[in-house]
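Dumped final.tsv below, it's TSV, C-alpha atoms:
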chain	number	residue	atom	x	y	z
A	402	MET	CA	30.49	78.55	99.13
A	403	ASN	CA	26.77	77.96	99.72
A	404	ARG	CA	24.08	79.83	97.80
A	405	ARG	CA	23.46	82.35	100.58
A	406	ASP	CA	27.15	83.26	100.88
A	407	PHE	CA	27.46	83.49	97.11
A	408	LEU	CA	24.55	85.93	96.93
A	409	ILE	CA	25.97	88.08	99.74
A	410	GLY	CA	29.38	88.12	98.06
A	411	ALA	CA	27.80	88.97	94.71
A	412	ALA	CA	25.86	91.81	96.33
A	413	ALA	CA	29.07	93.24	97.82
A	414	ALA	CA	30.76	93.07	94.42
A	415	ALA	CA	27.74	94.69	92.77
A	416	ALA	CA	27.83	97.54	95.28
A	417	SER	CA	31.47	98.18	94.39
A	418	LEU	CA	30.61	98.29	90.70
A	419	ALA	CA	27.35	100.19	91.08
A	420	ALA	CA	28.47	103.50	89.65
A	421	GLN	CA	30.79	102.17	86.94
A	422	ASP	CA	30.18	102.60	83.24
A	423	PRO	CA	30.19	99.03	81.87
A	424	LYS	CA	31.04	100.27	78.37
A	425	LYS	CA	34.16	102.14	79.43
A	426	THR	CA	37.47	100.33	79.13
A	427	TYR	CA	40.72	100.96	80.97
A	428	LYS	CA	44.37	100.52	80.09
A	429	ALA	CA	46.56	99.47	83.01
A	430	CYS	CA	50.28	99.18	83.77
A	431	VAL	CA	52.16	97.47	86.58
A	432	ILE	CA	55.23	98.80	88.40
A	433	GLY	CA	57.46	96.38	90.31
A	434	HIS	CA	61.06	96.12	91.41
A	435	THR	CA	62.36	92.63	91.99
A	436	ALA	CA	64.46	92.42	95.19
A	437	ARG	CA	63.53	95.99	96.16
A	438	GLY	CA	59.99	95.69	97.42
A	439	GLY	CA	58.85	93.34	94.65
A	440	TYR	CA	55.16	93.42	93.75
A	441	GLY	CA	53.69	93.59	97.22
A	442	HIS	CA	50.88	91.24	98.16
A	443	GLY	CA	49.69	90.25	94.70
A	444	LEU	CA	49.54	93.74	93.21
A	445	ASP	CA	51.07	92.41	89.99
A	446	VAL	CA	47.87	90.47	89.26
A	447	CYS	CA	45.38	92.87	90.86
A	448	PHE	CA	43.64	93.57	87.52
A	449	GLN	CA	42.80	89.96	86.74
A	450	LYS	CA	39.19	89.01	86.00
A	451	ILE	CA	38.06	92.61	85.62
A	452	PRO	CA	36.55	92.52	82.13
A	453	ASN	CA	36.93	96.20	81.23
A	454	VAL	CA	40.60	96.46	82.27
A	455	THR	CA	43.49	95.44	80.00
A	456	VAL	CA	47.05	95.31	81.32
A	457	VAL	CA	49.42	96.48	78.58
A	458	ALA	CA	52.86	96.56	80.21
A	459	VAL	CA	54.98	95.94	83.28
A	460	ALA	CA	58.12	97.75	84.45
A	461	ASP	CA	60.90	96.17	86.49
A	462	PRO	CA	64.62	97.09	86.30
A	463	ASP	CA	65.56	93.48	87.07
A	464	GLU	CA	65.65	91.61	83.73
A	465	LYS	CA	64.81	88.16	85.10
A	466	GLY	CA	62.18	89.54	87.43
A	467	ARG	CA	60.63	91.53	84.60
A	468	ALA	CA	60.45	88.46	82.34
A	469	ALA	CA	58.82	86.42	85.12
A	470	ALA	CA	56.30	89.18	85.81
A	471	MET	CA	55.42	89.53	82.11
A	472	LYS	CA	54.68	85.81	81.96
A	473	ARG	CA	52.74	85.86	85.22
A	474	ILE	CA	50.62	88.85	84.22
A	475	GLY	CA	50.26	87.82	80.58
A	476	VAL	CA	51.68	90.91	78.82
A	477	GLU	CA	54.10	91.29	75.93
A	478	LYS	CA	55.55	94.69	76.78
A	479	GLY	CA	58.18	95.09	79.47
A	480	TYR	CA	60.15	98.17	80.50
A	481	ALA	CA	63.28	98.53	82.61
A	482	ASP	CA	62.24	102.07	83.57
A	483	TRP	CA	58.77	102.67	84.98
A	484	ARG	CA	58.95	106.37	84.05
A	485	GLU	CA	59.36	105.47	80.38
A	486	MET	CA	56.46	103.04	80.61
A	487	VAL	CA	54.10	105.57	82.16
A	488	GLN	CA	55.02	108.28	79.64
A	489	LYS	CA	54.74	106.03	76.57
A	490	GLU	CA	51.70	103.95	77.55
A	491	LYS	CA	49.73	106.73	79.28
A	492	PRO	CA	47.63	104.25	81.29
A	493	ASP	CA	44.34	104.95	83.03
A	494	LEU	CA	45.29	102.76	85.99
A	495	VAL	CA	48.63	101.86	87.56
A	496	SER	CA	49.47	99.21	90.12
A	497	ASN	CA	52.48	100.28	92.19
A	498	GLY	CA	53.70	97.05	93.75
A	499	PRO	CA	56.93	97.69	95.73
A	500	ARG	CA	56.48	97.58	99.49
A	501	TRP	CA	59.33	100.01	100.05
A	502	VAL	CA	58.37	103.68	100.39
A	503	GLU	CA	61.19	104.90	98.14
A	504	ARG	CA	60.02	107.23	95.34
A	505	ARG	CA	56.35	107.09	96.36
A	506	LEU	CA	55.81	110.79	95.60
A	507	GLU	CA	57.73	110.50	92.32
A	508	VAL	CA	55.54	107.57	91.19
A	509	PHE	CA	52.26	109.26	92.08
A	510	THR	CA	53.35	112.53	90.46
A	511	ALA	CA	54.29	110.83	87.17
A	512	CYS	CA	51.02	108.89	87.13
A	513	ALA	CA	48.97	111.99	87.92
A	514	GLU	CA	50.59	113.82	85.01
A	515	VAL	CA	49.16	111.29	82.54
A	516	GLY	CA	45.80	111.06	84.33
A	517	ALA	CA	46.29	107.63	85.89
A	518	SER	CA	44.71	106.58	89.18
A	519	VAL	CA	46.98	104.41	91.31
A	520	TYR	CA	46.56	101.32	93.46
A	521	SER	CA	49.68	101.11	95.62
A	522	GLU	CA	51.17	98.83	98.21
A	523	LYS	CA	51.38	100.28	101.70
A	524	PRO	CA	52.91	101.97	103.68
A	525	MET	CA	51.83	105.18	101.98
A	526	ALA	CA	54.99	107.18	102.65
A	527	GLY	CA	57.89	107.70	105.01
A	528	SER	CA	56.39	110.86	106.48
A	529	LEU	CA	53.10	112.75	106.71
A	530	GLU	CA	54.73	115.57	104.79
A	531	GLU	CA	55.20	113.23	101.82
A	532	ALA	CA	51.72	111.75	102.23
A	533	ASP	CA	50.24	115.26	102.13
A	534	ALA	CA	52.20	115.99	98.95
A	535	ILE	CA	50.96	112.77	97.28
A	536	LEU	CA	47.33	113.66	97.97
A	537	ALA	CA	47.83	117.24	96.82
A	538	VAL	CA	49.31	116.11	93.50
A	539	CYS	CA	46.51	113.61	92.90
A	540	ASP	CA	43.75	116.02	93.92
A	541	LYS	CA	45.08	118.66	91.55
A	542	ALA	CA	45.09	116.17	88.66
A	543	LYS	CA	41.67	114.79	89.70
A	544	VAL	CA	42.96	111.22	89.86
A	545	ARG	CA	42.15	108.77	92.62
A	546	THR	CA	44.27	106.70	94.98
A	547	ALA	CA	43.89	103.37	96.74
A	548	PHE	CA	46.27	101.45	98.97
A	549	ALA	CA	46.60	97.79	99.83
A	550	HIS	CA	44.41	97.80	102.91
A	551	GLN	CA	43.01	94.49	101.74
A	552	VAL	CA	41.01	93.72	104.87
A	553	ARG	CA	38.90	96.88	104.70
A	554	PRO	CA	36.58	95.85	101.80
A	555	GLN	CA	36.10	92.24	102.93
A	556	PRO	CA	32.41	91.23	103.11
A	557	THR	CA	32.99	89.83	106.61
A	558	VAL	CA	34.34	93.18	107.81
A	559	LEU	CA	31.42	95.08	106.29
A	560	HIS	CA	29.09	92.56	107.97
A	561	ALA	CA	30.88	93.01	111.32
A	562	LYS	CA	30.29	96.77	111.08
A	563	LYS	CA	26.59	96.16	110.49
A	564	CYS	CA	26.46	93.75	113.45
A	565	LEU	CA	28.08	96.40	115.62
A	566	GLU	CA	25.60	99.04	114.46
A	567	ASP	CA	22.71	96.62	115.05
A	568	GLY	CA	23.78	96.19	118.69
A	569	LEU	CA	25.15	92.62	118.59
A	570	ILE	CA	27.77	93.45	121.23
A	571	GLY	CA	25.91	96.39	122.76
A	572	ASP	CA	27.71	99.71	123.04
A	573	LEU	CA	31.33	99.69	121.89
A	574	LEU	CA	33.60	100.38	124.87
A	575	GLU	CA	37.10	99.73	123.62
A	576	MET	CA	39.20	98.22	120.84
A	577	ARG	CA	42.29	96.10	121.49
A	578	SER	CA	44.83	95.38	118.78
A	579	ARG	CA	48.30	93.90	118.47
A	580	GLY	CA	50.83	93.50	115.68
A	581	LYS	CA	52.43	90.21	114.66
A	582	GLU	CA	55.12	90.63	117.34
A	583	ASP	CA	57.62	88.62	115.32
A	584	ALA	CA	61.24	89.60	114.65
A	585	ARG	CA	59.97	93.03	113.59
A	586	ALA	CA	58.22	93.67	116.94
A	587	GLY	CA	57.97	97.31	117.92
A	588	GLY	CA	58.42	100.10	115.39
A	589	GLU	CA	58.69	98.02	112.23
A	590	ASP	CA	55.75	95.81	113.23
A	591	MET	CA	53.66	98.93	113.80
A	592	MET	CA	54.60	100.42	110.43
A	593	VAL	CA	54.07	97.27	108.36
A	594	LEU	CA	51.27	95.42	110.16
A	595	GLY	CA	50.00	97.87	112.73
A	596	THR	CA	48.65	99.97	109.89
A	597	HIS	CA	45.94	97.32	109.43
A	598	CYS	CA	44.98	97.73	113.08
A	599	MET	CA	44.91	101.50	112.73
A	600	TYR	CA	42.59	101.67	109.76
A	601	MET	CA	40.33	99.01	111.28
A	602	MET	CA	39.96	101.06	114.46
A	603	ARG	CA	39.20	104.12	112.32
A	604	TYR	CA	36.55	102.16	110.40
A	605	PHE	CA	34.71	101.02	113.52
A	606	ALA	CA	35.08	104.12	115.71
A	607	GLY	CA	35.82	107.05	113.40
A	608	GLU	CA	38.60	109.61	113.54
A	609	PRO	CA	40.80	109.45	116.66
A	610	LEU	CA	40.99	112.56	118.82
A	611	TRP	CA	44.38	112.08	120.46
A	612	CYS	CA	47.02	109.52	121.35
A	613	THR	CA	49.23	108.72	124.33
A	614	ALA	CA	52.09	106.26	124.05
A	615	ARG	CA	55.17	104.62	125.52
A	616	VAL	CA	57.99	103.31	123.31
A	617	LEU	CA	60.88	101.28	124.70
A	618	GLU	CA	64.07	99.69	123.40
A	619	LYS	CA	65.51	96.89	125.55
A	620	GLY	CA	63.42	98.07	128.48
A	621	LYS	CA	64.43	101.75	128.28
A	622	GLU	CA	62.30	104.58	126.95
A	623	ILE	CA	63.51	105.75	123.56
A	624	THR	CA	64.73	109.18	122.47
A	625	VAL	CA	65.19	110.43	118.91
A	626	GLU	CA	68.71	109.02	119.10
A	627	ASN	CA	67.20	105.53	119.03
A	628	ARG	CA	65.81	105.99	115.52
A	629	ARG	CA	66.95	103.41	113.04
A	630	ALA	CA	66.20	101.94	109.65
A	631	ALA	CA	63.86	98.96	109.34
A	632	THR	CA	64.73	95.79	107.45
A	633	GLU	CA	63.12	97.48	104.43
A	634	PRO	CA	63.09	101.22	103.61
A	635	LEU	CA	60.05	102.45	105.55
A	636	GLY	CA	61.31	105.71	107.01
A	637	ALA	CA	62.62	106.07	110.55
A	638	ILE	CA	61.40	103.65	113.22
A	639	ALA	CA	62.30	103.07	116.87
A	640	GLY	CA	61.61	100.70	119.74
A	641	ASP	CA	61.08	96.98	120.23
A	642	THR	CA	58.09	97.60	122.50
A	643	ILE	CA	55.14	99.89	121.84
A	644	HIS	CA	52.08	100.67	123.95
A	645	ALA	CA	49.64	103.18	122.47
A	646	THR	CA	46.17	104.37	123.46
A	647	TYR	CA	43.81	106.34	121.23
A	648	ALA	CA	40.76	108.35	122.24
A	649	PHE	CA	37.70	108.22	119.99
A	650	ALA	CA	34.30	109.87	120.25
A	651	ASN	CA	31.69	108.68	122.77
A	652	GLY	CA	34.32	107.64	125.30
A	653	VAL	CA	35.65	104.75	123.18
A	654	GLN	CA	39.33	103.91	123.68
A	655	GLY	CA	41.54	102.04	121.23
A	656	HIS	CA	44.81	100.29	122.03
A	657	PHE	CA	47.74	99.06	119.95
A	658	ASP	CA	50.62	97.03	121.34
A	659	SER	CA	53.66	95.29	119.90
A	660	MET	CA	56.31	93.72	122.12
A	661	LYS	CA	59.42	91.71	121.42
A	662	HIS	CA	59.44	88.50	123.43
A	663	ALA	CA	62.45	86.28	124.00
A	664	LYS	CA	60.20	83.25	124.27
A	665	GLY	CA	56.93	82.34	122.60
A	666	ALA	CA	55.34	83.44	119.35
A	667	GLY	CA	53.01	86.41	119.02
A	668	GLY	CA	50.00	85.12	117.14
A	669	ARG	CA	47.70	87.81	118.53
A	670	PHE	CA	47.66	89.96	115.40
A	671	GLY	CA	44.17	91.37	115.02
A	672	VAL	CA	41.54	93.66	116.51
A	673	LEU	CA	39.04	92.97	119.29
A	674	LEU	CA	35.86	95.06	119.46
A	675	CYS	CA	34.76	94.95	123.10
A	676	GLY	CA	31.19	95.96	123.92
A	677	THR	CA	28.71	95.91	126.78
A	678	LYS	CA	27.21	92.62	125.56
A	679	GLY	CA	30.15	90.80	123.99
A	680	VAL	CA	33.23	90.83	121.76
A	681	ILE	CA	33.90	90.62	118.02
A	682	SER	CA	37.35	89.38	116.98
A	683	LEU	CA	38.79	90.29	113.58
A	684	GLY	CA	42.01	88.72	112.40
A	685	PRO	CA	43.61	90.75	109.57
A	686	GLY	CA	46.36	88.14	109.33
A	687	ASP	CA	43.76	85.64	108.14
A	688	LEU	CA	41.99	88.14	105.89
A	689	ALA	CA	39.24	88.87	108.34
A	690	THR	CA	38.42	85.62	110.05
A	691	VAL	CA	35.68	86.91	112.31
A	692	SER	CA	34.39	85.34	115.52
A	693	TYR	CA	31.98	86.42	118.23
A	694	LEU	CA	31.80	85.99	122.00
A	695	ALA	CA	28.36	86.56	123.56
A	696	ASP	CA	29.82	87.48	126.92
A	697	PRO	CA	29.44	90.90	128.61
A	698	LEU	CA	32.27	89.92	130.98
A	699	TRP	CA	34.68	89.18	128.07
A	700	THR	CA	35.85	86.23	130.18
A	701	PRO	CA	34.68	82.77	129.02
A	702	ALA	CA	36.16	81.16	132.13
A	703	LYS	CA	33.63	83.06	134.24
A	704	SER	CA	30.62	83.07	131.94
A	705	GLY	CA	30.99	79.69	130.26
A	706	ALA	CA	30.37	81.35	126.88
A	707	ALA	CA	32.22	80.04	123.85
A	708	TRP	CA	33.63	81.76	120.77
A	709	GLN	CA	31.53	81.14	117.68
A	710	PRO	CA	31.43	82.32	114.05
A	711	LEU	CA	29.94	85.77	113.62
A	712	PRO	CA	26.21	85.24	112.95
A	713	GLY	CA	25.38	85.50	109.25
A	714	ALA	CA	28.98	86.21	108.20
A	715	PRO	CA	29.37	85.98	104.40
A	716	SER	CA	32.23	84.44	102.46
A	717	ASN	CA	35.14	86.63	101.40
A	718	ASP	CA	35.44	84.77	98.10
A	719	ASP	CA	34.74	86.80	94.96
A	720	PRO	CA	32.01	85.61	92.54
A	721	SER	CA	34.72	85.41	89.87
A	722	GLY	CA	36.31	82.54	91.77
A	723	LEU	CA	39.18	84.55	93.25
A	724	ARG	CA	39.93	84.04	96.91
A	725	GLY	CA	42.06	85.57	99.67
A	726	PRO	CA	44.29	88.53	98.75
A	727	GLU	CA	43.47	88.17	95.05
A	728	ALA	CA	39.75	88.65	95.73
A	729	ALA	CA	40.51	91.59	98.03
A	730	ASN	CA	42.74	93.28	95.43
A	731	LYS	CA	40.05	92.90	92.78
A	732	ARG	CA	37.50	94.57	95.06
A	733	ILE	CA	39.80	97.50	95.73
A	734	VAL	CA	40.57	98.01	92.03
A	735	GLU	CA	36.88	97.88	91.13
A	736	ASP	CA	36.15	100.44	93.81
A	737	LEU	CA	39.05	102.62	92.62
A	738	ILE	CA	37.45	102.63	89.16
A	739	ARG	CA	34.14	103.62	90.72
A	740	ALA	CA	35.83	106.47	92.56
A	741	ALA	CA	37.61	107.63	89.40
A	742	GLU	CA	34.33	107.68	87.47
A	743	THR	CA	32.24	109.39	90.14
A	744	GLY	CA	34.83	111.74	91.63
A	745	GLY	CA	34.43	110.17	95.05
A	746	GLN	CA	37.00	108.49	97.26
A	747	SER	CA	37.85	104.80	97.16
A	748	ILE	CA	37.17	102.52	100.10
A	749	ALA	CA	40.94	102.22	100.69
A	750	SER	CA	41.77	105.79	99.71
A	751	GLY	CA	44.96	107.71	100.24
A	752	GLN	CA	43.10	109.84	102.77
A	753	GLU	CA	42.39	106.75	104.86
A	754	CYS	CA	45.94	105.47	104.45
A	755	ARG	CA	47.31	108.83	105.56
A	756	GLY	CA	45.01	108.66	108.59
A	757	ALA	CA	46.51	105.30	109.58
A	758	LEU	CA	50.03	106.66	109.08
A	759	GLU	CA	49.16	109.66	111.24
A	760	MET	CA	48.08	107.33	114.05
A	761	ILE	CA	51.48	105.63	113.78
A	762	HIS	CA	53.43	108.88	113.85
A	763	GLY	CA	51.24	110.03	116.71
A	764	VAL	CA	52.77	107.25	118.81
A	765	TYR	CA	56.24	108.73	118.48
A	766	ALA	CA	54.99	112.31	118.86
A	767	ALA	CA	53.14	111.45	122.09
A	768	HIS	CA	56.00	109.44	123.60
A	769	LEU	CA	58.68	112.02	122.82
A	770	SER	CA	56.58	114.92	124.15
A	771	GLY	CA	55.40	113.04	127.23
A	772	ALA	CA	51.90	114.36	126.52
A	773	ARG	CA	48.86	113.74	124.37
A	774	ALA	CA	49.39	114.07	120.64
A	775	ALA	CA	46.26	115.69	119.22
A	776	PHE	CA	45.04	114.81	115.73
A	777	PRO	CA	45.61	116.03	113.14
A	778	LEU	CA	49.30	116.40	113.96
A	779	LYS	CA	50.44	119.98	113.38
A	780	ASP	CA	54.04	119.02	112.62
A	781	ARG	CA	53.96	116.96	109.42
A	782	LYS	CA	57.62	115.98	109.55
A	783	HIS	CA	58.56	112.60	111.01
A	784	PRO	CA	58.66	112.87	114.83
A	785	LEU	CA	61.89	110.86	114.90
A	786	GLY	CA	63.56	113.02	112.27
A	787	SER	CA	65.29	111.68	109.18
A	788	LEU	CA	67.71	108.80	108.94
Mind converting the file's structure to structure tokens?
Amino acid sequence: MNRRDFLIGAAAAAASLAAQDPKKTYKACVIGHTARGGYGHGLDVCFQKIPNVTVVAVADPDEKGRAAAMKRIGVEKGYADWREMVQKEKPDLVSNGPRWVERRLEVFTACAEVGASVYSEKPMAGSLEEADAILAVCDKAKVRTAFAHQVRPQPTVLHAKKCLEDGLIGDLLEMRSRGKEDARAGGEDMMVLGTHCMYMMRYFAGEPLWCTARVLEKGKEITVENRRAATEPLGAIAGDTIHATYAFANGVQGHFDSMKHAKGAGGRFGVLLCGTKGVISLGPGDLATVSYLADPLWTPAKSGAAWQPLPGAPSNDDPSGLRGPEAANKRIVEDLIRAAETGGQSIASGQECRGALEMIHGVYAAHLSGARAAFPLKDRKHPLGSL
């Protein structure tokens, strides 16, 4: 990291910590479940190198997994039951690591009862009804939430937003995004990885107004009878092919696609911001590798323009020395602390995570109705029903 990048990264970290009380200390606990969602993308070590946070215990019903996590995190206390841990330790902060959406509401309710703010792996919940209940419980207890939308606080993403606002690519016309399109292509891809595309579109264009969509399974349009379980408990999903279009303010359109292909890898996971003067490409799969095309035609073969690094893009490394997901998790936790102290919302708040989930459920609602699905969705139950 050169001096300029270091200073930009330090400034981003300072902004996250701006409203924190440096004298206040926090007690933290970690919830995991080996072989049932694990510890997500590094949420077991999300509190590392935050001086005013001390991790006191970890809970995991798997004995070997718990022992490994205790060693990895550097704690002496381990619990088989997370409920017992939360009640006995009464932490200020909890990391909820499992990727599976089982017991999300139960976890947040128990944490809220002891006054703990929670950083949780995504997806937020299996339904909007449950997501609403999670936020209601936390709001009542005046605790804050954050979810593992690790790309959102990256310095490169914040810089890309500034470049957009400064007119680097002119007026934003549309956003194009795709999932990983691997073996999970379609409904599961949208739920697990498409959520990154959804919250990125929300960040750059605001709240969506409505959605239209087409969902297919083996070339045929799905019905509710096509609902199925994913490879992990994520709520109902359907389809191996998804095409969705979102309307945003000022005539901006956003698109999400995920298709199962018999031949060839996907590799297109990311978001393209297409404007009147050029394109910005953000790759969530590479923690916000950002590039820029100075081409109003969006077609290098015609214009001769070449992709280049986004001008002035900072490093995503944290001044503490952490990199990649570990640096991103640290930023989110620091911002969660800020939100807890000020009464505001975190940069990766439950409200934002619910918004991304609503865009996903809007796909099924629009397809099944054959019409636009207006946001917010009136029916908070899963459009596909329960499994």
Exercise. For Gly786 in chain A, which residue out of A:Ala714, A:Ala606, A:Ala729, A:Ala639 is the nearest one, using all atoms listed in the file?
Worked result: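 Of A:Ala714, A:Ala606, A:Ala729, A:Ala639, the one nearest Gly786 in chain A, counting all atoms listed in the file, is A:Ala639.
With all atoms listed in the file as the atoms that count, the residue of A:Pro492, A:Gly620, A:Gly498, A:Pro726 with the shortest distance to Val515 in chain A is A:Pro492.
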For this session: Could you check which of A:Ala648, A:Ile738, A:Val508, A:Leu529 is closest to Ala774 in chain A, using only C-alpha atoms?
Result: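 Of the candidates, the smallest distance to Ala774 in chain A is held by A:Ala648.
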Within 8 Å of range 680-702 of chain A: each range 504-556 of chain A residue with its shortest pair, all atoms listed in the file, as CSV:
residue,atom,partner,partner_atom,distance
A:Gln551,CA,A:Leu688,CA,7.7
A:Val552,CA,A:Leu688,CA,5.8
A:Gln555,CA,A:Ala689,CA,7.1
For this session: Within 7 Å of Leu737 in chain A, counting all atoms listed in the file, which residues show up once you throw out same-chain ones fewer than 2 positions away? Write them as a ChimeraX atom specification, please.
Result: /A:545,547,733-735,739-741,747
For this session: Enter the distance from CA of Pro712 in chain A to CA of Phe670 in chain A, in Å, rounded to one decimal.
Result: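 These two atoms are separated by 22.1 Å.
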For this session: Go ahead and compute the interatomic distance for CA of Tyr765 in chain A and CA of Ala614 in chain A, in Å to one decimal.
Result: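 Those two atoms sit 7.4 Å apart.
Residue neighbourhood of His762 in chain A, excluding near-sequence residues (fewer than 6 positions): Gly527, Ser528, Leu529, Met591, Met592, Cys612, Ile638, Gly756, Ala774, Leu778, Arg781, Lys782, His783, Pro784 and Leu785 of chain A, at 10 Å, using all atoms listed in the file.
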Name the residues within 9 Å of (55.0, 96.6, 109.3), counting all atoms listed in the file in the file's coordinates, and put them as a PDB file with C-alpha atoms, keeping the file's coordinate frame.
ATOM      1  CA  PRO A 524      52.910 101.970 103.680  1.00  0.00           C
ATOM      2  CA  GLY A 580      50.830  93.500 115.680  1.00  0.00           C
ATOM      3  CA  LYS A 581      52.430  90.210 114.660  1.00  0.00           C
ATOM      4  CA  ARG A 585      59.970  93.030 113.590  1.00  0.00           C
ATOM      5  CA  ALA A 586      58.220  93.670 116.940  1.00  0.00           C
ATOM      6  CA  GLY A 588      58.420 100.100 115.390  1.00  0.00           C
ATOM      7  CA  GLU A 589      58.690  98.020 112.230  1.00  0.00           C
ATOM      8  CA  ASP A 590      55.750  95.810 113.230  1.00  0.00           C
ATOM      9  CA  MET A 591      53.660  98.930 113.800  1.00  0.00           C
ATOM     10  CA  MET A 592      54.600 100.420 110.430  1.00  0.00           C
ATOM     11  CA  VAL A 593      54.070  97.270 108.360  1.00  0.00           C
ATOM     12  CA  LEU A 594      51.270  95.420 110.160  1.00  0.00           C
ATOM     13  CA  GLY A 595      50.000  97.870 112.730  1.00  0.00           C
ATOM     14  CA  THR A 596      48.650  99.970 109.890  1.00  0.00           C
ATOM     15  CA  LEU A 635      60.050 102.450 105.550  1.00  0.00           C
TER      16      LEU A 635
END
Problem set entry | Residue among A:Cys430, A:Ala757, A:Val764, A:Val459 lying closest to Cys598 in chain A, counting all atoms listed in the file | A:Ala757
For this session: Could you give me, as a PyMOL selection string, the residues within 8 Å of Ser496 in chain A, counting all atoms listed in the file and dropping anything in the same chain fewer than 6 positions from it?
Result: chain A and resi 429-432+444-445+447+519-521
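The two atoms in question, CA of Thr435 in chain A and CA of Ala511 in chain A, are spaced 20.5 Å apart.
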Problem set entry | Contact residues around Val616 in chain A with all atoms listed in the file at 7 Å, ignoring same-chain residues under 6 positions, as a ChimeraX atom specification | /A:622-623,640,642-644,768
Exercise. Using all atoms listed in the file, which of the listed residues (A:Arg755, A:Arg577, A:Arg500, A:Lys428) sits closest to Val487 in chain A?
Worked result: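 Nearest candidate to Val487 in chain A out of A:Arg755, A:Arg577, A:Arg500, A:Lys428: A:Lys428.
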Problem set entry | Counting all atoms listed in the file, the option among A:Gly722, A:Gly679, A:Ser578, A:Ala630 closest to Ser704 in chain A |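 That would be A:Gly679, the residue with the smallest distance to Ser704 in chain A.
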For this session: List the neighbours of His550 in chain A out to 8 Å using all atoms listed in the file; skip same-chain residues closer than 4 positions along the sequence, and give me the result as a list in words.
Result: Lys523, His597, Ala749 and Cys754 of chain A
Include C-alpha atoms and write out the residues we just selected as a PDB file, keeping the file's coordinate frame.
ATOM      1  CA  LYS A 523      51.380 100.280 101.700  1.00  0.00           C
ATOM      2  CA  HIS A 597      45.940  97.320 109.430  1.00  0.00           C
ATOM      3  CA  ALA A 749      40.940 102.220 100.690  1.00  0.00           C
ATOM      4  CA  CYS A 754      45.940 105.470 104.450  1.00  0.00           C
TER       5      CYS A 754
END
